[in-house]
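Visitor: Got a structure here, written out as structure tokens. Questions coming.
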Number of protein chains: 2
Amino acid sequence: MIDCDVHPQIGDPEELLAYVEPGQREWFRGQGASLGLPGYPWTHPVSWYRLDLERNGDGIPGSRADVVAREALDAGGADLGILNADDAVTLSLMASPYRAAALARAHNDWIAERWLDADTRFRGAIVCPAQDPQAAAAEIRRVAEDDRFVHVLLVGGAERPYGEPRYLPIFEAAAEAGLPVAIHSGGEGLGIAAPPGGAGAPTFYIEWHTVGSSASIVAHLVSLLCHGTFERFPDLRVLLMEGGIGWLPGILWRLDTNWRALRAEVPWLERKPSEVARDHVRFTTQPLEHTDGHDDVLFEMLAAVGAPDILCFASDYPHWDFDEPRWTLNRLPAEWRDAVLHDNAVALYGDRLGLVAA
Amino acid sequence: MIDCDVHPQIGDPEELLAYVEPGQREWFRGQGASLGLPGYPWTHPVSWYRLDLERNGDGIPGSRADVVAREALDAGGADLGILNADDAVTLSLMASPYRAAALARAHNDWIAERWLDADTRFRGAIVCPAQDPQAAAAEIRRVAEDDRFVHVLLVGGAERPYGEPRYLPIFEAAAEAGLPVAIHSGGEGLGIAAPPGGAGAPTFYIEWHTVGSSASIVAHLVSLLCHGTFERFPDLRVLLMEGGIGWLPGILWRLDTNWRALRAEVPWLERKPSEVARDHVRFTTQPLEHTDGHDDVLFEMLAAVGAPDILCFASDYPHWDFDEPRWTLNRLPAEWRDAVLHDNAVALYGDRLGLVAA
């Protein structure tokens, strides 16, 4: 079983700062625990983390490789876990692309030495300063040489949707290295990001988590499809994480309908967008919508747009709403389970994942 | 049969300008055809209108009451049609609330004299300067005295979602008059509105129409539910127009799930948000998503969140994607038809609709 979304936490900032180039280290140290990352106006009223997890000496769960291996892999029964940066992924929303580039480099090196070296069951995600796409591409090319990194990680919050041509160097570098690009919800409205949700800043965390984190993922999906990103990079795969999937049929139906009427705007799209999505886009399961007794409807909806082939399991450890594998497993139709828990991730990541028995 | 969304067009601007107070008329005249309304960076590559409609002397379809009565009511078989301002609804996105208030007043008076007086089968929508909620409330109270106006009309584009307390005077005035508040997609990213879609401005009209116009409606729905608007105004009804409905189950499931975990933020919500929505929120059908052969899935999804009771028919005459009643009727499950085409609108609007046989 493969868990596509485990979030290693930065415990002691000094551990990460050791990887920041010395000339910039004092600036980051001066920012305190935030490391200069943009702050959230919308925060969980209780805790970002599950309350029942082991807290390390620093008071933060999930900040030590051995604890994460025990809680996220051993306990969940995962053979591999992909480590996606947590708050640090919002470095692409920092005002300064220079600071962002330095922090990205440090975070990637920290992941390699402190996590991937510590347990062979971990895989890495490459963070990059997306606000400076050329610098981001250079960082992707540098880190991709370490084949334990299995995808490029972008955050949902952005100045413009990721289909915009300014971001092409990022997708080009990923495609060249054979890496999928994962876009993980979060960061909407932070730092230089546009406001979340399509009608201006929401008020509450519950709104931000419901609307903001789904709307950004919808926006990036539709943008990539409309700009013909997958026509430019025929081998590119994109993994959309944690933005929900219940909205997917409605959005793809609407987009297909509009494509029939509005192709004059996007003449490079020769196939229905939903077909392109089915070939190139995957989704992680967490947080799999609770459906109030309508799981049958949810799975029928998802089957109409390509499930189970489009779904990869993710737990989102150690966050407050993380999905235990058994909980997800038991909800899924029995004939979907192998695909969602294992086969689809193997197909997505290929050789970089290493050989994993089902 | 009741058509909840017919858009009367402004043909000759002078006809509307005659209703603008003289001291402001020259300013509006100086703006030319735009009347000072904010412009769209995203426009239809062919035409905002169906190409097969009768063009009046001014070259614009739908700008004369007799033509609209013939094309939208007689041809469609509608007993009543609710006239919703078209571009003019974006007056709430003008930088100046003073100009917006003057234009709202003129538009409401123009609708009353030029349209409602011309055909007794028309009903009106009250436009208001939402960027100045006190002025908006005053305009709603003024116009609501004419009982041919059946709802207050807001536009999807906004600075902040409509649950924000700044907008309470609008909802208070509507509730006091017993009028539903209709929120119609459009205007996202125009003038003073926040950018559409949750990840910054999209590039193409096809993106804007797919993402922007749905995301704003999602944002307003979730905002109104989270702020407890329906707890404040227990008789208030909201009609969400033209933002799609395919996303509804996924969003309500996600919101219910989050409500269970995050009630500390919104302690005034004592019921599941989806239940409150079912009691207070209605949706117009157009543009009913084309489903690529999966209509059965679409209707099953909608039934899971309260259809057919939550759906009211709308044609969106004279726009390019308008739904002919027969086309919608034939797609709907047979046992839903009376509710969607007639009964739900009668229940929503009550006495103001006048007596209409089913």
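Chains: A, B, ... in order of the structure tokens. Residues: from 1 per chain. Ligands: from 1, in order shown.
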Any idea what's packed within 12 Å of B:Glu231, counting only C-alpha atoms, ignoring anything in its chain fewer than 2 positions away? Could you give it as a list of chain:residue names?
Guide: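 Near B:Glu231, the qualifying residues are B:Gly163, B:Leu224, B:Leu225, B:Cys226, B:His227, B:Gly228, B:Thr229, B:Phe233, B:Pro234, B:Asp235, B:Leu236, B:Arg237, B:Val266, B:Pro267, B:Trp268, B:Leu269, B:Glu270, B:Arg271, B:Pro273, B:Val276, B:Ala277, B:Asp279, B:His280.
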Visitor: Restricting the output to C-alpha atoms, write the selected residues as an mmCIF file, in the first residue's frame.
Guide:
data_model
loop_
_atom_site.group_PDB
_atom_site.id
_atom_site.type_symbol
_atom_site.label_atom_id
_atom_site.label_comp_id
_atom_site.auth_asym_id
_atom_site.auth_seq_id
_atom_site.Cartn_x
_atom_site.Cartn_y
_atom_site.Cartn_z
ATOM 1 C CA GLY B 163 -22.546 36.204 4.378
ATOM 2 C CA LEU B 224 -24.418 32.542 3.991
ATOM 3 C CA LEU B 225 -24.656 29.148 5.667
ATOM 4 C CA CYS B 226 -21.584 29.687 7.873
ATOM 5 C CA HIS B 227 -22.525 33.176 9.017
ATOM 6 C CA GLY B 228 -25.925 31.919 10.156
ATOM 7 C CA THR B 229 -27.839 34.201 7.798
ATOM 8 C CA PHE B 233 -33.776 35.601 9.090
ATOM 9 C CA PRO B 234 -35.799 32.410 9.490
ATOM 10 C CA ASP B 235 -38.119 33.203 6.571
ATOM 11 C CA LEU B 236 -35.373 34.196 4.146
ATOM 12 C CA ARG B 237 -35.046 32.243 0.917
ATOM 13 C CA VAL B 266 -19.678 28.792 14.052
ATOM 14 C CA PRO B 267 -21.495 27.890 17.279
ATOM 15 C CA TRP B 268 -24.745 29.444 16.032
ATOM 16 C CA LEU B 269 -25.163 26.596 13.556
ATOM 17 C CA GLU B 270 -27.220 24.015 15.397
ATOM 18 C CA ARG B 271 -28.225 22.013 12.330
ATOM 19 C CA PRO B 273 -25.574 23.080 6.892
ATOM 20 C CA VAL B 276 -30.425 24.477 6.351
ATOM 21 C CA ALA B 277 -29.654 24.725 2.642
ATOM 22 C CA ASP B 279 -34.933 24.527 3.686
ATOM 23 C CA HIS B 280 -33.741 27.927 2.499
#
Visitor: Report as a Markdown table the residues of chain A within 6 Å of chain B, each with its shortest atom pair and distance in Å (one decimal), using only C-alpha atoms, ordered by chain and increasing residue number.
Guide:
| residue | atom | partner | partner_atom | distance |
| --- | --- | --- | --- | --- |
| A:Gly157 | CA | B:Ala199 | CA | 5.9 |
| A:Ala158 | CA | B:Ala199 | CA | 5.2 |
| A:Glu159 | CA | B:Gly200 | CA | 5.1 |
| A:Arg160 | CA | B:Gly200 | CA | 4.2 |
| A:Pro161 | CA | B:Ala199 | CA | 5.3 |
| A:Ala194 | CA | B:Gly200 | CA | 4.9 |
| A:Pro196 | CA | B:Gly198 | CA | 4.3 |
| A:Gly197 | CA | B:Gly198 | CA | 4.3 |
| A:Gly198 | CA | B:Gly197 | CA | 4.3 |
| A:Ala199 | CA | B:Ser216 | CA | 5.0 |
| A:Gly200 | CA | B:Arg160 | CA | 4.2 |
| A:Ala201 | CA | B:Arg160 | CA | 5.7 |
| A:Thr210 | CA | B:Leu255 | CA | 5.7 |
| A:Ala215 | CA | B:Gly198 | CA | 5.1 |
| A:Ser216 | CA | B:Gly198 | CA | 4.6 |
| A:Ala219 | CA | B:Gly197 | CA | 5.8 |
| A:Gly246 | CA | B:Gly250 | CA | 3.9 |
| A:Trp247 | CA | B:Trp247 | CA | 4.3 |
| A:Gly250 | CA | B:Gly246 | CA | 3.9 |
| A:Trp253 | CA | B:Thr291 | CA | 5.4 |
| A:Arg254 | CA | B:Glu289 | CA | 5.6 |
| A:Leu255 | CA | B:Thr210 | CA | 5.8 |
| A:Glu289 | CA | B:Arg254 | CA | 5.6 |
| A:His290 | CA | B:Trp253 | CA | 5.9 |
| A:Thr291 | CA | B:Trp253 | CA | 5.4 |
Visitor: Which residues are near stretch 52-55 of chain B? Cut-off 10 Å, only C-alpha atoms, ignore same chain within fewer than 3 positions. Put them as a VMD selection string.
Guide: chain B and resid 49 58 to 64 67 to 68 71 317 to 320
Visitor: Take the residues from that selection and write them out as a short mmCIF file (atom, residue, chain, number, x, y, z; two decimals), in the first residue's frame, keeping N, CA and C atoms.
Guide:
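Result file part21.cif:
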data_model
loop_
_atom_site.label_atom_id
_atom_site.label_comp_id
_atom_site.auth_asym_id
_atom_site.auth_seq_id
_atom_site.Cartn_x
_atom_site.Cartn_y
_atom_site.Cartn_z
N TYR B 49 -25.10 36.31 -27.21
CA TYR B 49 -26.50 35.99 -27.48
C TYR B 49 -26.64 34.80 -28.41
N ASP B 58 -31.92 48.23 -32.89
CA ASP B 58 -30.65 48.54 -32.24
C ASP B 58 -29.63 47.42 -32.40
N GLY B 59 -29.99 46.33 -33.07
CA GLY B 59 -29.05 45.24 -33.29
C GLY B 59 -28.89 44.31 -32.11
N ILE B 60 -29.68 44.53 -31.07
CA ILE B 60 -29.55 43.73 -29.84
C ILE B 60 -30.83 42.92 -29.63
N PRO B 61 -30.70 41.61 -29.42
CA PRO B 61 -31.91 40.82 -29.19
C PRO B 61 -32.42 41.06 -27.76
N GLY B 62 -33.69 40.83 -27.57
CA GLY B 62 -34.25 40.87 -26.22
C GLY B 62 -34.36 42.25 -25.64
N SER B 63 -34.38 43.29 -26.48
CA SER B 63 -34.42 44.64 -25.93
C SER B 63 -35.81 45.28 -26.03
N ARG B 64 -36.79 44.51 -26.53
CA ARG B 64 -38.15 45.07 -26.62
C ARG B 64 -39.13 44.13 -25.95
N VAL B 67 -41.05 41.65 -28.19
CA VAL B 67 -40.23 40.57 -28.75
C VAL B 67 -39.90 39.54 -27.67
N VAL B 68 -39.56 40.00 -26.49
CA VAL B 68 -39.24 39.07 -25.39
C VAL B 68 -40.47 38.25 -25.01
N GLU B 71 -40.72 35.66 -27.84
CA GLU B 71 -39.65 34.64 -27.93
C GLU B 71 -39.47 33.85 -26.64
N TYR B 317 -32.85 33.17 -21.39
CA TYR B 317 -33.05 33.94 -22.61
C TYR B 317 -32.47 35.33 -22.43
N PRO B 318 -31.78 35.92 -23.39
CA PRO B 318 -31.47 35.46 -24.75
C PRO B 318 -30.00 35.05 -24.90
N HIS B 319 -29.40 34.48 -23.89
CA HIS B 319 -27.96 34.20 -23.96
C HIS B 319 -27.63 32.98 -24.82
N TRP B 320 -26.38 32.91 -25.18
CA TRP B 320 -25.91 31.89 -26.13
C TRP B 320 -26.20 30.46 -25.67
#
Visitor: Would you please give, as number ranges by chain, all residues of stretch 156-325 of chain B that DSSP assigns to alpha helix (DSSP H) based on the backbone?
Guide: B: 168-177, 205-207, 213-226, 229-232, 248-262, 273-280, 295-304, 325
Visitor: May I have the selected residues written with C-alpha atoms, as an mmCIF file, in the first residue's frame?
Guide:
data_model
loop_
_atom_site.group_PDB
_atom_site.id
_atom_site.type_symbol
_atom_site.label_atom_id
_atom_site.label_comp_id
_atom_site.auth_asym_id
_atom_site.auth_seq_id
_atom_site.Cartn_x
_atom_site.Cartn_y
_atom_site.Cartn_z
ATOM 1 C CA LEU B 168 -26.840 42.303 6.448
ATOM 2 C CA PRO B 169 -28.927 45.420 5.643
ATOM 3 C CA ILE B 170 -29.635 43.939 2.209
ATOM 4 C CA PHE B 171 -30.872 40.644 3.589
ATOM 5 C CA GLU B 172 -32.792 42.397 6.337
ATOM 6 C CA ALA B 173 -34.638 44.576 3.832
ATOM 7 C CA ALA B 174 -35.411 41.589 1.622
ATOM 8 C CA ALA B 175 -36.648 39.510 4.541
ATOM 9 C CA GLU B 176 -38.761 42.393 5.801
ATOM 10 C CA ALA B 177 -40.433 42.682 2.397
ATOM 11 C CA TYR B 205 -13.791 32.982 -21.288
ATOM 12 C CA ILE B 206 -14.231 29.189 -21.281
ATOM 13 C CA GLU B 207 -12.327 29.058 -17.977
ATOM 14 C CA SER B 213 -19.204 31.557 -12.307
ATOM 15 C CA SER B 214 -19.509 28.385 -10.273
ATOM 16 C CA ALA B 215 -16.904 29.297 -7.637
ATOM 17 C CA SER B 216 -18.608 32.569 -6.757
ATOM 18 C CA ILE B 217 -21.946 30.856 -6.233
ATOM 19 C CA VAL B 218 -20.292 28.166 -4.081
ATOM 20 C CA ALA B 219 -18.574 30.894 -2.062
ATOM 21 C CA HIS B 220 -21.789 32.829 -1.411
ATOM 22 C CA LEU B 221 -23.720 29.687 -0.498
ATOM 23 C CA VAL B 222 -21.142 28.504 2.013
ATOM 24 C CA SER B 223 -20.685 32.017 3.396
ATOM 25 C CA LEU B 224 -24.418 32.542 3.991
ATOM 26 C CA LEU B 225 -24.656 29.148 5.667
ATOM 27 C CA CYS B 226 -21.584 29.687 7.873
ATOM 28 C CA THR B 229 -27.839 34.201 7.798
ATOM 29 C CA PHE B 230 -30.813 31.853 7.803
ATOM 30 C CA GLU B 231 -30.786 31.668 11.597
ATOM 31 C CA ARG B 232 -30.988 35.475 11.666
ATOM 32 C CA LEU B 248 -23.650 20.804 -4.988
ATOM 33 C CA PRO B 249 -23.499 17.333 -3.395
ATOM 34 C CA GLY B 250 -19.701 17.410 -3.068
ATOM 35 C CA ILE B 251 -19.698 20.864 -1.494
ATOM 36 C CA LEU B 252 -22.538 20.158 0.938
ATOM 37 C CA TRP B 253 -20.989 16.856 1.987
ATOM 38 C CA ARG B 254 -17.669 18.575 2.574
ATOM 39 C CA LEU B 255 -19.323 21.394 4.488
ATOM 40 C CA ASP B 256 -21.320 19.001 6.683
ATOM 41 C CA THR B 257 -18.147 17.058 7.444
ATOM 42 C CA ASN B 258 -16.313 20.239 8.363
ATOM 43 C CA TRP B 259 -19.254 21.487 10.427
ATOM 44 C CA ARG B 260 -19.024 18.383 12.599
ATOM 45 C CA ALA B 261 -15.335 19.037 13.262
ATOM 46 C CA LEU B 262 -15.254 22.827 13.318
ATOM 47 C CA PRO B 273 -25.574 23.080 6.892
ATOM 48 C CA SER B 274 -27.019 20.804 4.206
ATOM 49 C CA GLU B 275 -30.342 20.703 6.080
ATOM 50 C CA VAL B 276 -30.425 24.477 6.351
ATOM 51 C CA ALA B 277 -29.654 24.725 2.642
ATOM 52 C CA ARG B 278 -32.456 22.334 1.820
ATOM 53 C CA ASP B 279 -34.933 24.527 3.686
ATOM 54 C CA HIS B 280 -33.741 27.927 2.499
ATOM 55 C CA ASP B 295 -28.105 12.068 -16.728
ATOM 56 C CA ASP B 296 -29.156 9.269 -14.404
ATOM 57 C CA VAL B 297 -26.094 9.948 -12.238
ATOM 58 C CA LEU B 298 -26.743 13.697 -12.245
ATOM 59 C CA PHE B 299 -30.334 13.290 -11.090
ATOM 60 C CA GLU B 300 -29.349 10.735 -8.465
ATOM 61 C CA MET B 301 -26.732 13.189 -7.144
ATOM 62 C CA LEU B 302 -29.264 15.998 -7.000
ATOM 63 C CA ALA B 303 -31.861 13.785 -5.330
ATOM 64 C CA ALA B 304 -29.298 13.096 -2.597
ATOM 65 C CA PRO B 325 -37.956 24.573 -21.736
#
Visitor: With distances taken over only C-alpha atoms, which residue among A:Leu240, A:Leu91, A:Ala125, A:Leu341 lies nearest A:Ser185?
Guide: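 The closest residue to A:Ser185 is A:Leu240.
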Visitor: Please compute the atom CA of B:Gly30-atom CA of B:Glu15 distance, one decimal, in Å.
Guide: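 About the pair atom CA of B:Gly30 and atom CA of B:Glu15: they are 14.9 Å apart.
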Visitor: Could you find all residues in stretch 18-229 of chain A that DSSP calls strand (DSSP E or B) from the backbone, and write them as a ChimeraX atom specification?
Guide: /A:49,55,61,80-83,122-127,149-155,181-184
Visitor: Tell me which protein, DNA and RNA residues are within 10 Å of A:Ile111, counting only C-alpha atoms, leaving out same-chain ones fewer than 2 positions away, and put them as a list in words.
Guide: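 The contact residues come out as Pro8, Leu16, Ala65, Leu83, Asn84, Ala85, Ala106, His107, Asn108, Asp109, Glu113, Arg114, Trp115, Leu116, Asp117, Ala118, Phe122, Arg123, Gly124, Ala125, Ile126 and Phe149 of chain A.
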Visitor: For atom CA of B:Pro38 and atom CA of B:Gly191, quote the distance in Å rounded to one decimal.
Guide: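 A separation of 5.0 Å between them.
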